[in-house]
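Asks: run16.tsv (TSV, C-alpha atoms) pasted underneath:
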```tsv
chain	number	residue	atom	x	y	z
A	1	MET	CA	206.09	68.93	52.43
A	2	GLN	CA	203.71	67.14	54.77
A	3	LYS	CA	200.60	67.56	52.62
A	4	PHE	CA	202.05	65.03	50.14
A	5	ASP	CA	202.88	62.41	52.79
A	6	ASN	CA	199.98	60.09	51.88
A	7	ILE	CA	200.94	59.82	48.23
A	8	ARG	CA	204.69	60.42	47.90
A	9	PRO	CA	207.52	57.86	47.70
A	10	PHE	CA	210.08	57.63	50.48
A	11	TYR	CA	212.54	60.44	51.06
A	12	ASP	CA	216.12	59.15	51.00
A	13	ALA	CA	216.29	59.66	54.78
A	14	GLU	CA	213.50	57.05	55.13
A	15	VAL	CA	214.90	54.47	52.73
A	16	ASN	CA	217.19	52.50	55.03
A	17	GLU	CA	214.57	52.05	57.74
A	18	ALA	CA	212.06	50.83	55.14
A	19	ILE	CA	214.59	48.34	53.75
A	20	GLN	CA	215.47	47.07	57.23
A	21	GLY	CA	211.76	46.39	57.77
A	22	ALA	CA	211.35	44.57	54.47
A	23	VAL	CA	214.64	42.68	54.10
A	24	ASN	CA	213.33	39.44	55.65
A	25	HIS	CA	209.96	39.47	53.88
A	26	PRO	CA	209.35	36.32	51.77
A	27	MET	CA	208.61	38.45	48.69
A	28	MET	CA	211.91	40.32	49.06
A	29	LYS	CA	213.63	36.96	49.36
A	30	ALA	CA	211.88	35.77	46.18
A	31	LEU	CA	212.79	38.98	44.30
A	32	MET	CA	216.45	38.83	45.33
A	33	GLY	CA	216.64	35.07	44.75
A	34	PHE	CA	215.38	35.65	41.20
A	35	THR	CA	217.74	38.58	40.61
A	36	PHE	CA	220.87	37.10	42.21
A	37	PRO	CA	220.40	33.31	41.97
A	38	ASP	CA	224.11	32.60	42.55
A	39	VAL	CA	224.58	35.02	45.46
A	40	ASP	CA	224.34	33.88	49.08
A	41	GLU	CA	221.33	35.33	50.91
A	42	GLU	CA	223.46	37.00	53.56
A	43	VAL	CA	225.45	38.84	50.87
A	44	TRP	CA	222.46	40.58	49.25
A	45	LYS	CA	220.93	41.20	52.68
A	46	GLU	CA	224.09	42.97	53.81
A	47	GLN	CA	224.18	45.08	50.66
A	48	LEU	CA	220.50	45.98	51.06
A	49	LYS	CA	221.08	47.01	54.68
A	50	ARG	CA	223.80	49.41	53.49
A	51	THR	CA	221.42	51.11	51.04
A	52	HIS	CA	220.39	54.68	51.93
A	53	SER	CA	218.86	56.18	48.79
A	54	ILE	CA	216.22	55.37	46.21
A	55	ARG	CA	218.77	55.77	43.43
A	56	ASP	CA	221.09	53.19	45.02
A	57	PHE	CA	218.18	50.79	45.51
A	58	GLN	CA	217.08	51.21	41.90
A	59	CYS	CA	220.55	51.01	40.34
A	60	ASN	CA	221.98	48.18	42.47
A	61	PHE	CA	218.89	45.99	42.76
A	62	ILE	CA	215.84	46.88	40.62
A	63	TYR	CA	217.86	47.65	37.47
A	64	LYS	CA	219.37	44.16	37.74
A	65	SER	CA	215.95	42.62	38.44
A	66	VAL	CA	214.57	44.16	35.24
A	67	GLN	CA	217.58	42.93	33.24
A	68	LYS	CA	216.91	39.42	34.55
A	69	VAL	CA	213.22	39.71	33.58
A	70	LEU	CA	214.26	40.77	30.07
A	71	ALA	CA	216.72	37.89	29.79
A	72	LYS	CA	214.22	35.27	30.95
A	73	SER	CA	210.96	36.43	29.35
A	74	SER	CA	211.83	38.46	26.25
A	75	GLU	CA	214.01	38.59	23.18
A	76	GLY	CA	215.27	42.01	24.17
A	77	LEU	CA	214.36	45.67	24.52
A	78	THR	CA	215.08	48.25	21.82
A	79	THR	CA	214.61	52.01	22.10
A	80	SER	CA	214.48	55.09	19.91
A	81	GLY	CA	214.25	58.83	20.45
A	82	PHE	CA	216.13	59.04	23.76
A	83	GLU	CA	219.02	60.91	22.12
A	84	LYS	CA	216.69	63.93	21.77
A	85	LEU	CA	216.44	64.34	25.56
A	86	GLU	CA	218.82	66.46	27.63
A	87	PRO	CA	220.64	65.16	30.72
A	88	ASN	CA	219.84	66.79	34.08
A	89	THR	CA	216.45	67.86	32.70
A	90	SER	CA	213.02	66.78	33.91
A	91	TYR	CA	210.25	65.70	31.53
A	92	LEU	CA	206.63	64.67	31.89
A	93	PHE	CA	206.40	61.34	30.07
A	94	ILE	CA	202.82	60.53	29.03
A	95	SER	CA	202.64	57.02	27.65
A	96	ASN	CA	200.31	54.34	26.46
A	97	HIS	CA	199.97	51.67	29.14
A	98	ARG	CA	200.31	47.95	28.54
A	99	ASP	CA	201.82	46.40	31.67
A	100	ILE	CA	201.37	47.37	35.33
A	101	ILE	CA	205.02	47.26	36.40
A	102	LEU	CA	207.13	46.82	33.29
A	103	ASP	CA	206.12	49.95	31.35
A	104	THR	CA	207.69	52.27	33.90
A	105	SER	CA	210.50	49.89	34.86
A	106	LEU	CA	211.64	49.57	31.24
A	107	LEU	CA	211.38	53.32	30.69
A	108	ASN	CA	213.57	53.92	33.74
A	109	VAL	CA	216.11	51.31	32.62
A	110	SER	CA	216.27	53.12	29.26
A	111	LEU	CA	216.60	56.55	30.91
A	112	PHE	CA	219.39	55.23	33.15
A	113	ASP	CA	221.21	53.67	30.20
A	114	HIS	CA	221.06	57.02	28.37
A	115	GLY	CA	222.29	59.02	31.38
A	116	LEU	CA	218.95	60.81	31.84
A	117	VAL	CA	216.81	61.70	34.87
A	118	MET	CA	214.72	58.71	35.97
A	119	THR	CA	211.05	59.14	36.79
A	120	ALA	CA	208.71	59.27	39.71
A	121	SER	CA	205.79	57.18	38.47
A	122	ALA	CA	202.07	57.10	39.18
A	123	ILE	CA	200.64	53.83	40.56
A	124	GLY	CA	197.04	53.05	41.46
A	125	ASP	CA	196.31	52.42	45.15
A	126	ASN	CA	194.58	49.17	44.10
A	127	LEU	CA	198.04	47.75	43.31
A	128	VAL	CA	199.64	48.48	46.67
A	129	LYS	CA	197.10	47.06	49.11
A	130	LYS	CA	199.67	44.56	50.40
A	131	SER	CA	202.03	46.40	52.77
A	132	PHE	CA	205.18	44.91	51.19
A	133	LEU	CA	204.10	46.05	47.72
A	134	LYS	CA	203.44	49.54	49.08
A	135	THR	CA	206.93	49.65	50.58
A	136	LEU	CA	208.49	48.33	47.37
A	137	SER	CA	206.61	50.88	45.26
A	138	LYS	CA	207.73	53.75	47.52
A	139	LEU	CA	211.33	52.47	47.26
A	140	ASN	CA	210.90	52.64	43.47
A	141	ARG	CA	209.80	56.27	43.52
A	142	ASN	CA	206.14	55.55	42.84
A	143	PHE	CA	203.51	58.03	43.99
A	144	ILE	CA	200.01	56.82	44.70
A	145	VAL	CA	196.90	57.60	42.66
A	146	GLN	CA	193.78	57.14	44.77
A	147	ARG	CA	191.04	55.33	42.85
A	148	GLY	CA	187.31	54.89	43.29
A	149	LEU	CA	186.71	58.04	45.35
A	150	PRO	CA	183.39	59.94	45.53
A	151	PRO	CA	183.34	63.10	43.34
A	152	ARG	CA	184.29	65.67	46.00
A	153	GLU	CA	187.17	63.57	47.36
A	154	LEU	CA	188.28	62.75	43.82
A	155	LEU	CA	188.56	66.46	43.05
A	156	GLU	CA	190.67	67.04	46.19
A	157	SER	CA	192.85	64.01	45.40
A	158	SER	CA	193.36	65.18	41.79
A	159	LYS	CA	194.35	68.65	42.95
A	160	LEU	CA	196.87	67.25	45.43
A	161	MET	CA	198.38	64.96	42.80
A	162	SER	CA	198.64	67.76	40.24
A	163	GLU	CA	200.45	69.93	42.81
A	164	TYR	CA	202.80	67.08	43.63
A	165	ILE	CA	203.60	66.46	39.96
A	166	ALA	CA	204.32	70.19	39.50
A	167	GLN	CA	206.54	70.10	42.60
A	168	LEU	CA	208.53	67.17	41.18
A	169	LEU	CA	208.94	68.61	37.68
A	170	LEU	CA	209.55	72.27	38.42
A	171	ARG	CA	211.19	72.36	41.85
A	172	GLU	CA	212.87	68.97	42.30
A	173	ASN	CA	213.94	68.53	38.65
A	174	ARG	CA	212.49	65.03	38.75
A	175	SER	CA	210.93	63.48	35.64
A	176	VAL	CA	207.44	62.01	35.98
A	177	TRP	CA	205.70	59.11	34.21
A	178	ILE	CA	201.94	58.98	33.94
A	179	ALA	CA	199.69	56.83	31.75
A	180	GLN	CA	197.54	58.54	29.10
A	181	ARG	CA	194.44	57.07	30.80
A	182	GLU	CA	193.44	55.45	34.07
A	183	GLY	CA	194.42	51.78	33.99
A	184	ARG	CA	195.94	49.75	31.19
A	185	THR	CA	194.65	49.73	27.63
A	186	LYS	CA	193.06	46.32	27.22
A	187	ASP	CA	191.74	46.48	23.64
A	188	GLY	CA	194.84	47.85	21.89
A	189	ASN	CA	193.20	51.25	21.28
A	190	ASP	CA	195.58	53.76	22.83
A	191	ALA	CA	193.84	57.07	23.51
A	192	THR	CA	194.66	59.94	25.87
A	193	HIS	CA	191.84	60.72	28.28
A	194	THR	CA	191.28	64.45	28.73
A	195	GLY	CA	190.65	63.83	32.45
A	196	VAL	CA	194.38	63.08	32.89
A	197	LEU	CA	195.30	66.41	31.25
A	198	LYS	CA	192.68	68.32	33.26
A	199	MET	CA	194.16	66.85	36.44
A	200	LEU	CA	197.66	67.96	35.38
A	201	ALA	CA	196.34	71.45	34.57
A	202	MET	CA	195.17	71.87	38.18
A	203	GLY	CA	198.84	72.23	39.18
A	204	SER	CA	199.29	75.28	36.93
A	205	ASP	CA	199.90	78.74	38.31
A	206	GLU	CA	199.96	80.16	34.77
A	207	ALA	CA	197.15	82.33	33.37
A	208	ASN	CA	197.26	80.21	30.21
A	209	VAL	CA	197.34	76.46	30.76
A	210	MET	CA	199.22	75.86	27.47
A	211	ASP	CA	202.12	77.92	28.89
A	212	TYR	CA	202.19	75.56	31.88
A	213	PHE	CA	202.19	72.50	29.64
A	214	LYS	CA	205.15	73.98	27.75
A	215	LYS	CA	207.00	74.60	31.00
A	216	ILE	CA	206.70	70.98	32.18
A	217	ARG	CA	208.00	69.55	28.87
A	218	ILE	CA	205.50	66.88	27.80
A	219	VAL	CA	207.06	63.92	25.99
A	220	PRO	CA	204.69	61.27	24.55
A	221	VAL	CA	206.00	57.70	24.88
A	222	SER	CA	204.89	54.63	22.99
A	223	ILE	CA	205.69	51.16	24.30
A	224	SER	CA	204.87	47.97	22.43
A	225	TYR	CA	205.29	44.29	23.25
A	226	GLU	CA	205.37	41.67	20.50
A	227	TYR	CA	203.36	39.43	22.82
A	228	ASP	CA	201.29	40.99	25.59
A	229	PRO	CA	202.08	38.74	28.57
A	230	THR	CA	198.65	39.46	30.09
A	231	ASP	CA	196.58	39.23	26.88
A	232	ALA	CA	194.37	36.31	27.98
A	233	LEU	CA	193.87	37.85	31.44
A	234	LYS	CA	192.31	40.92	29.81
A	235	MET	CA	189.60	38.87	28.08
A	236	PRO	CA	186.98	38.57	30.89
A	237	GLN	CA	186.82	42.34	31.34
A	238	LEU	CA	186.65	43.00	27.59
A	239	LEU	CA	183.83	40.46	27.18
A	240	ALA	CA	181.89	41.93	30.10
A	241	GLU	CA	182.20	45.42	28.62
A	242	ALA	CA	181.14	44.14	25.18
A	243	ASN	CA	177.97	42.72	26.77
A	244	ASP	CA	177.31	45.90	28.82
A	245	GLU	CA	177.92	44.00	32.03
A	246	ILE	CA	179.62	45.39	35.13
A	247	TYR	CA	182.98	43.69	35.56
A	248	VAL	CA	183.98	42.79	39.12
A	249	LYS	CA	187.61	41.85	39.68
A	250	GLU	CA	188.48	38.61	41.41
A	251	LYS	CA	190.32	38.79	44.72
A	252	ASN	CA	194.07	39.16	44.03
A	253	GLU	CA	193.40	39.66	40.29
A	254	ASP	CA	195.64	42.75	40.11
A	255	PHE	CA	198.45	40.88	41.85
A	256	ILE	CA	198.14	37.88	39.50
A	257	THR	CA	198.19	40.24	36.49
A	258	LEU	CA	201.22	42.02	37.92
A	259	LEU	CA	203.15	38.75	38.26
A	260	SER	CA	202.03	37.49	34.84
A	261	GLY	CA	203.28	40.70	33.24
A	262	ILE	CA	206.69	40.20	34.79
A	263	ILE	CA	207.23	36.51	34.08
A	264	GLY	CA	205.06	36.02	30.95
A	265	GLN	CA	206.66	35.73	27.50
A	266	LYS	CA	206.88	39.06	25.66
A	267	LYS	CA	209.28	38.35	22.79
A	268	ARG	CA	210.51	41.75	21.52
A	269	ILE	CA	209.77	45.08	23.23
A	270	HIS	CA	210.25	48.60	21.89
A	271	ILE	CA	210.03	52.00	23.59
A	272	HIS	CA	209.96	55.19	21.55
A	273	VAL	CA	210.06	58.66	23.08
A	274	GLY	CA	208.51	61.32	20.90
A	275	ASP	CA	209.48	64.96	20.47
A	276	ILE	CA	208.74	67.39	23.29
A	277	LEU	CA	205.34	68.92	22.55
A	278	ASP	CA	206.32	72.52	21.95
A	279	LYS	CA	205.30	73.72	18.51
A	280	GLU	CA	202.02	71.82	18.93
A	281	LEU	CA	201.23	73.80	22.10
A	282	ASP	CA	202.00	77.11	20.36
A	283	LYS	CA	199.65	76.11	17.54
A	284	ILE	CA	196.87	75.11	19.95
A	285	GLU	CA	197.25	78.38	21.86
A	286	ALA	CA	197.18	80.45	18.67
A	287	GLU	CA	194.19	78.72	17.08
A	288	ILE	CA	191.92	77.72	20.00
A	289	ASP	CA	190.51	79.98	22.71
A	290	ASN	CA	188.37	77.62	24.77
A	291	LYS	CA	190.35	75.80	27.49
A	292	ASN	CA	188.41	72.53	27.16
A	293	ASN	CA	188.94	72.54	23.41
A	294	GLN	CA	192.64	73.26	23.95
A	295	ILE	CA	192.92	70.21	26.23
A	296	GLN	CA	191.06	68.10	23.65
A	297	ALA	CA	193.54	69.26	20.99
A	298	LEU	CA	196.48	68.44	23.28
A	299	ALA	CA	195.08	64.92	23.85
A	300	GLN	CA	194.93	64.52	20.06
A	301	ALA	CA	198.55	65.73	19.69
A	302	ILE	CA	199.69	63.14	22.26
A	303	ASP	CA	197.69	60.43	20.47
A	304	ASP	CA	199.18	61.42	17.11
A	305	SER	CA	202.70	61.07	18.51
A	306	ILE	CA	202.05	57.73	20.28
A	307	LEU	CA	200.13	56.10	17.43
A	308	GLN	CA	202.50	57.19	14.66
A	309	SER	CA	205.59	55.97	16.51
A	310	TYR	CA	204.05	52.73	17.84
A	311	LYS	CA	206.26	49.81	16.83
A	312	LEU	CA	204.18	47.19	15.03
A	313	TRP	CA	205.27	43.55	15.26
A	314	PRO	CA	204.44	40.50	13.10
A	315	THR	CA	201.84	39.55	15.77
A	316	ASN	CA	199.91	42.76	15.02
A	317	TYR	CA	199.82	42.13	11.27
A	318	ILE	CA	198.95	38.43	11.72
A	319	ALA	CA	196.05	39.31	14.04
A	320	TYR	CA	194.78	41.91	11.56
A	321	ASP	CA	194.78	39.37	8.72
A	322	LEU	CA	193.17	36.63	10.82
A	323	LEU	CA	190.49	39.02	12.08
A	324	ASN	CA	189.70	40.30	8.60
A	325	LYS	CA	190.26	36.95	6.85
A	326	SER	CA	192.72	38.73	4.56
A	327	ASN	CA	196.32	38.59	3.34
A	328	THR	CA	196.76	42.37	3.46
A	329	TYR	CA	199.97	42.26	5.45
A	330	SER	CA	201.19	38.74	4.63
A	331	ASP	CA	204.50	40.08	3.33
A	332	LEU	CA	205.29	41.40	6.84
A	333	TYR	CA	205.35	38.05	8.64
A	334	THR	CA	206.47	34.49	8.00
A	335	GLU	CA	204.42	31.28	8.06
A	336	ASP	CA	206.40	30.23	11.15
A	337	GLU	CA	205.44	33.44	12.95
A	338	LYS	CA	201.82	32.91	11.98
A	339	SER	CA	201.84	29.30	13.23
A	340	LEU	CA	203.37	30.40	16.53
A	341	PHE	CA	200.69	33.06	17.00
A	342	GLU	CA	197.90	30.59	16.13
A	343	ARG	CA	199.32	28.14	18.67
A	344	ARG	CA	199.19	30.91	21.28
A	345	LEU	CA	195.54	31.47	20.37
A	346	GLU	CA	194.79	27.76	20.92
A	347	MET	CA	196.55	27.76	24.29
A	348	LYS	CA	195.17	31.03	25.62
A	349	ILE	CA	191.52	31.19	24.62
A	350	ASP	CA	188.45	29.12	23.85
A	351	GLU	CA	188.28	29.23	20.08
A	352	ASN	CA	184.69	27.97	20.21
A	353	ASN	CA	183.79	31.31	21.73
A	354	PRO	CA	183.75	33.63	18.68
A	355	GLN	CA	183.41	36.75	20.80
A	356	MET	CA	186.51	35.88	22.80
A	357	LEU	CA	188.47	35.06	19.63
A	358	GLU	CA	187.46	38.36	18.06
A	359	SER	CA	188.40	40.37	21.19
A	360	PHE	CA	191.78	38.64	21.42
A	361	LEU	CA	192.61	39.29	17.77
A	362	ALA	CA	191.33	42.88	17.93
A	363	MET	CA	193.67	43.61	20.87
A	364	TYR	CA	196.63	42.90	18.59
A	365	ALA	CA	195.05	44.22	15.37
A	366	ASN	CA	193.81	47.62	16.60
A	367	PRO	CA	197.30	49.20	16.67
A	368	VAL	CA	197.59	48.39	12.93
A	369	VAL	CA	194.23	50.05	12.24
A	370	ASN	CA	195.15	53.09	14.33
A	371	LYS	CA	198.59	53.53	12.80
A	372	SER	CA	197.28	53.10	9.26
A	373	LYS	CA	195.29	56.32	9.68
A	374	TYR	CA	198.62	58.14	9.38
A	375	GLN	CA	199.85	58.02	5.81
A	376	ASP	CA	202.88	55.74	5.28
A	377	ALA	CA	203.10	55.08	9.04
A	378	VAL	CA	202.43	51.33	8.98
```
Go ahead and express the file in the form of structure tokens.
Replies:
Amino acid sequence: MQKFDNIRPFYDAEVNEAIQGAVNHPMMKALMGFTFPDVDEEVWKEQLKRTHSIRDFQCNFIYKSVQKVLAKSSEGLTTSGFEKLEPNTSYLFISNHRDIILDTSLLNVSLFDHGLVMTASAIGDNLVKKSFLKTLSKLNRNFIVQRGLPPRELLESSKLMSEYIAQLLLRENRSVWIAQREGRTKDGNDATHTGVLKMLAMGSDEANVMDYFKKIRIVPVSISYEYDPTDALKMPQLLAEANDEIYVKEKNEDFITLLSGIIGQKKRIHIHVGDILDKELDKIEAEIDNKNNQIQALAQAIDDSILQSYKLWPTNYIAYDLLNKSNTYSDLYTEDEKSLFERRLEMKIDENNPQMLESFLAMYANPVVNKSKYQDAV
């Protein structure tokens, strides 16, 4: 459908031509050199040139790239909840958002490993300004979210995106990933913005929007990294916001963050997929009449699922205790783990800046605070 041409990924019929145009790009060479260090350049080039579908590109190249990233920069990925999902079934995955590229890449690796439908994933247009990155994102089944538009254009863009998401889920049987808010969570407080749900609701042709949300099978996803590979990079924006200053990104900042997320040390990573929100939607529909209040209640249901199932690591408990000058969770980490985290603090931030130290610790500690609101969840 032509009206989606500005935001959609490639159709399979367009994949080979796109690859032919990108195969000699230095960034493709770097990506393939990283993924297949022992394979002659001509060999991977030939295989790329024989690729004619997004699935083949993802399975034969990107899947292996992500495995290499995990091997080099983490102590492994664990998952839970995927056994609840049905094969050949599309879902709308709404997740907390930590890392620009890895969140969706790791979800898709997990879906592939469990024999489930992989996702089309939302990506901000600020991340695909370089033509190669735009091509790569479209080869990875990303669709583009236009940012920074004036109100009227934003409304039109939101409507188009909601229609496209409905098209994917209901007519193409394609799962979709979208973050619970615009941009990554930088302070560790994961919260679903109602604007995301209102945008999704625009794609509904149902009289009752809760019926539409049931039809598209919403699955909350929580992803947690023991070490956030971009933690220090998030500090300038957090400090600006704390001082009520307008934060202006440096040139290439998004690209630097993207690379840091991929190659930075993460230690352990966990992805949990929650239950499909079904009973919750029935309850909201039965108890709440006002549409805005219904959407607010749905945001809360998504938050409840993500926060309760968020995997807490020793780093979270250490940060909580350091921030609060307590030993509340000292039985959940070792002295070695604490020393390692304190060394990271020394390397990453200026400890003479108390505001920066507090922001850094809060980023890791806030998930503990949020999860502790649910009895016995920590």
Asks: Kindly give the distance, in Å, that separates CA of Ile144 (chain A) and CA of Gly124 (chain A), rounded to a single decimal.
Replies: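 We find that CA of Ile144 (chain A) and CA of Gly124 (chain A) lie 5.8 Å from each other.
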Asks: Near region 90-100 of chain A, counting only C-alpha atoms, which residues have an atom at most 7 Å away, once you skip same-chain residues fewer than 2 positions from it, shown as an mmCIF file with C-alpha atoms, in the coordinates of the input?
Replies:
```cif
data_model
loop_
_atom_site.group_PDB
_atom_site.id
_atom_site.type_symbol
_atom_site.label_atom_id
_atom_site.label_comp_id
_atom_site.auth_asym_id
_atom_site.auth_seq_id
_atom_site.Cartn_x
_atom_site.Cartn_y
_atom_site.Cartn_z
ATOM 1 C CA ASN A 88 219.840 66.790 34.080
ATOM 2 C CA LEU A 102 207.130 46.820 33.290
ATOM 3 C CA ASP A 103 206.120 49.950 31.350
ATOM 4 C CA VAL A 117 216.810 61.700 34.870
ATOM 5 C CA LEU A 169 208.940 68.610 37.680
ATOM 6 C CA ASN A 173 213.940 68.530 38.650
ATOM 7 C CA ARG A 174 212.490 65.030 38.750
ATOM 8 C CA SER A 175 210.930 63.480 35.640
ATOM 9 C CA VAL A 176 207.440 62.010 35.980
ATOM 10 C CA TRP A 177 205.700 59.110 34.210
ATOM 11 C CA ILE A 178 201.940 58.980 33.940
ATOM 12 C CA ALA A 179 199.690 56.830 31.750
ATOM 13 C CA GLN A 180 197.540 58.540 29.100
ATOM 14 C CA ARG A 184 195.940 49.750 31.190
ATOM 15 C CA THR A 185 194.650 49.730 27.630
ATOM 16 C CA ASP A 190 195.580 53.760 22.830
ATOM 17 C CA ILE A 216 206.700 70.980 32.180
ATOM 18 C CA ARG A 217 208.000 69.550 28.870
ATOM 19 C CA ILE A 218 205.500 66.880 27.800
ATOM 20 C CA VAL A 219 207.060 63.920 25.990
ATOM 21 C CA PRO A 220 204.690 61.270 24.550
ATOM 22 C CA VAL A 221 206.000 57.700 24.880
ATOM 23 C CA SER A 222 204.890 54.630 22.990
ATOM 24 C CA ILE A 223 205.690 51.160 24.300
ATOM 25 C CA LEU A 258 201.220 42.020 37.920
ATOM 26 C CA GLY A 261 203.280 40.700 33.240
#
```
Asks: Quick one: axis-aligned box around all listed atoms of region 157-161 of chain A, 8 Å on every side, centre and edge lengths in Å to one decimal, written as AutoDock Vina command-line options.
Replies:
```
--center_x 195.6 --center_y 66.3 --center_z 43.6 --size_x 21.5 --size_y 20.6 --size_z 19.6
```
Asks: Check the smallest atom-to-atom distance from each of A:Thr315, A:Ser372, A:Ser137, A:Asn353 to Thr334 (chain A) using only C-alpha atoms, then report the winner.
Replies: A:Thr315
Asks: Applying 12 Å and only C-alpha atoms, which residues near Asp304 (chain A) remain after dropping the ones on its own chain fewer than 2 positions away? List them as a ChimeraX atom specification.
Replies: /A:95-96,190-192,220-222,274-275,277,280,297-302,306-310,370-375,377
Asks: From the options A:Leu340, A:Val145, A:Met210, A:Leu154, which residue's atoms come nearest to Ile288 (chain A), counting only C-alpha atoms?
Replies: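 The answer is A:Met210, which sits nearest to Ile288 (chain A).
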Asks: Let me make sure I understand: among A:Gln265, A:Thr104, A:Asn327, A:Asn189, which one has the smallest atom-to-atom distance to Asn140 (chain A) if we use only C-alpha atoms?
Replies: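 Of A:Gln265, A:Thr104, A:Asn327, A:Asn189, the one nearest Asn140 (chain A) is A:Thr104, counting only C-alpha atoms.
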Asks: So, counting all atoms listed in the file, which residue among A:Leu116, A:Val23, A:Leu107, A:Val43 is closest to His270 (chain A)?
Replies: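 That would be A:Leu107, the residue with the smallest distance to His270 (chain A).
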Asks: Neighbours of Glu163 (chain A) within 7 Å (only C-alpha atoms; same-chain residues fewer than 4 positions away dropped), as JSON, numbers by chain?
Replies: {"A": [159, 167, 203]}
Asks: Which residue out of A:Ser339, A:Gln58, A:Thr51, A:Ser158 has the minimum interatomic distance to Ala120 (chain A) when all atoms listed in the file are used?
Replies: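 Nearest to Ala120 (chain A): A:Gln58.
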Asks: Using all atoms listed in the file, pick whichever of A:Lys291, A:His193, A:His25, A:Arg344 has the shortest atom-to-atom distance to Leu133 (chain A).
Replies: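 Closest to Leu133 (chain A) of all the choices is A:His25.
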Asks: Which protein, DNA or RNA residues have an atom at most 12 Å from (202.5, 50.6, 51.5), counting all atoms listed in the file? List them as a ChimeraX atom specification.
Replies: /A:5-10,18,21-22,123-140,142-144
Asks: Up to 10 Å from (194.4, 30.7, 28.5) in the file's coordinates: name the residues, counting all atoms listed in the file, as a ChimeraX atom specification.
Replies: /A:230-233,235,344-350
Asks: With C-alpha atoms retained, output region 210-226 of chain A as a compact mmCIF listing (two decimals), in the first residue's frame.
Replies:
```txt
# COMPACT_ATOMS: atom_id res chain seq x y z
CA MET A 210 -10.67 -2.00 24.51
CA ASP A 211 -12.07 -4.54 22.01
CA TYR A 212 -9.41 -3.42 19.54
CA PHE A 213 -6.66 -3.74 22.12
CA LYS A 214 -7.85 -7.29 22.82
CA LYS A 215 -7.79 -8.11 19.12
CA ILE A 216 -4.16 -7.04 18.66
CA ARG A 217 -2.92 -9.11 21.63
CA ILE A 218 -0.82 -6.76 23.76
CA VAL A 219 2.13 -8.44 25.49
CA PRO A 220 4.20 -6.33 27.94
CA VAL A 221 7.94 -7.04 27.80
CA SER A 222 10.57 -6.21 30.38
CA ILE A 223 14.24 -6.15 29.44
CA SER A 224 17.03 -5.57 31.94
CA TYR A 225 20.80 -5.28 31.61
CA GLU A 226 23.08 -5.89 34.59
```
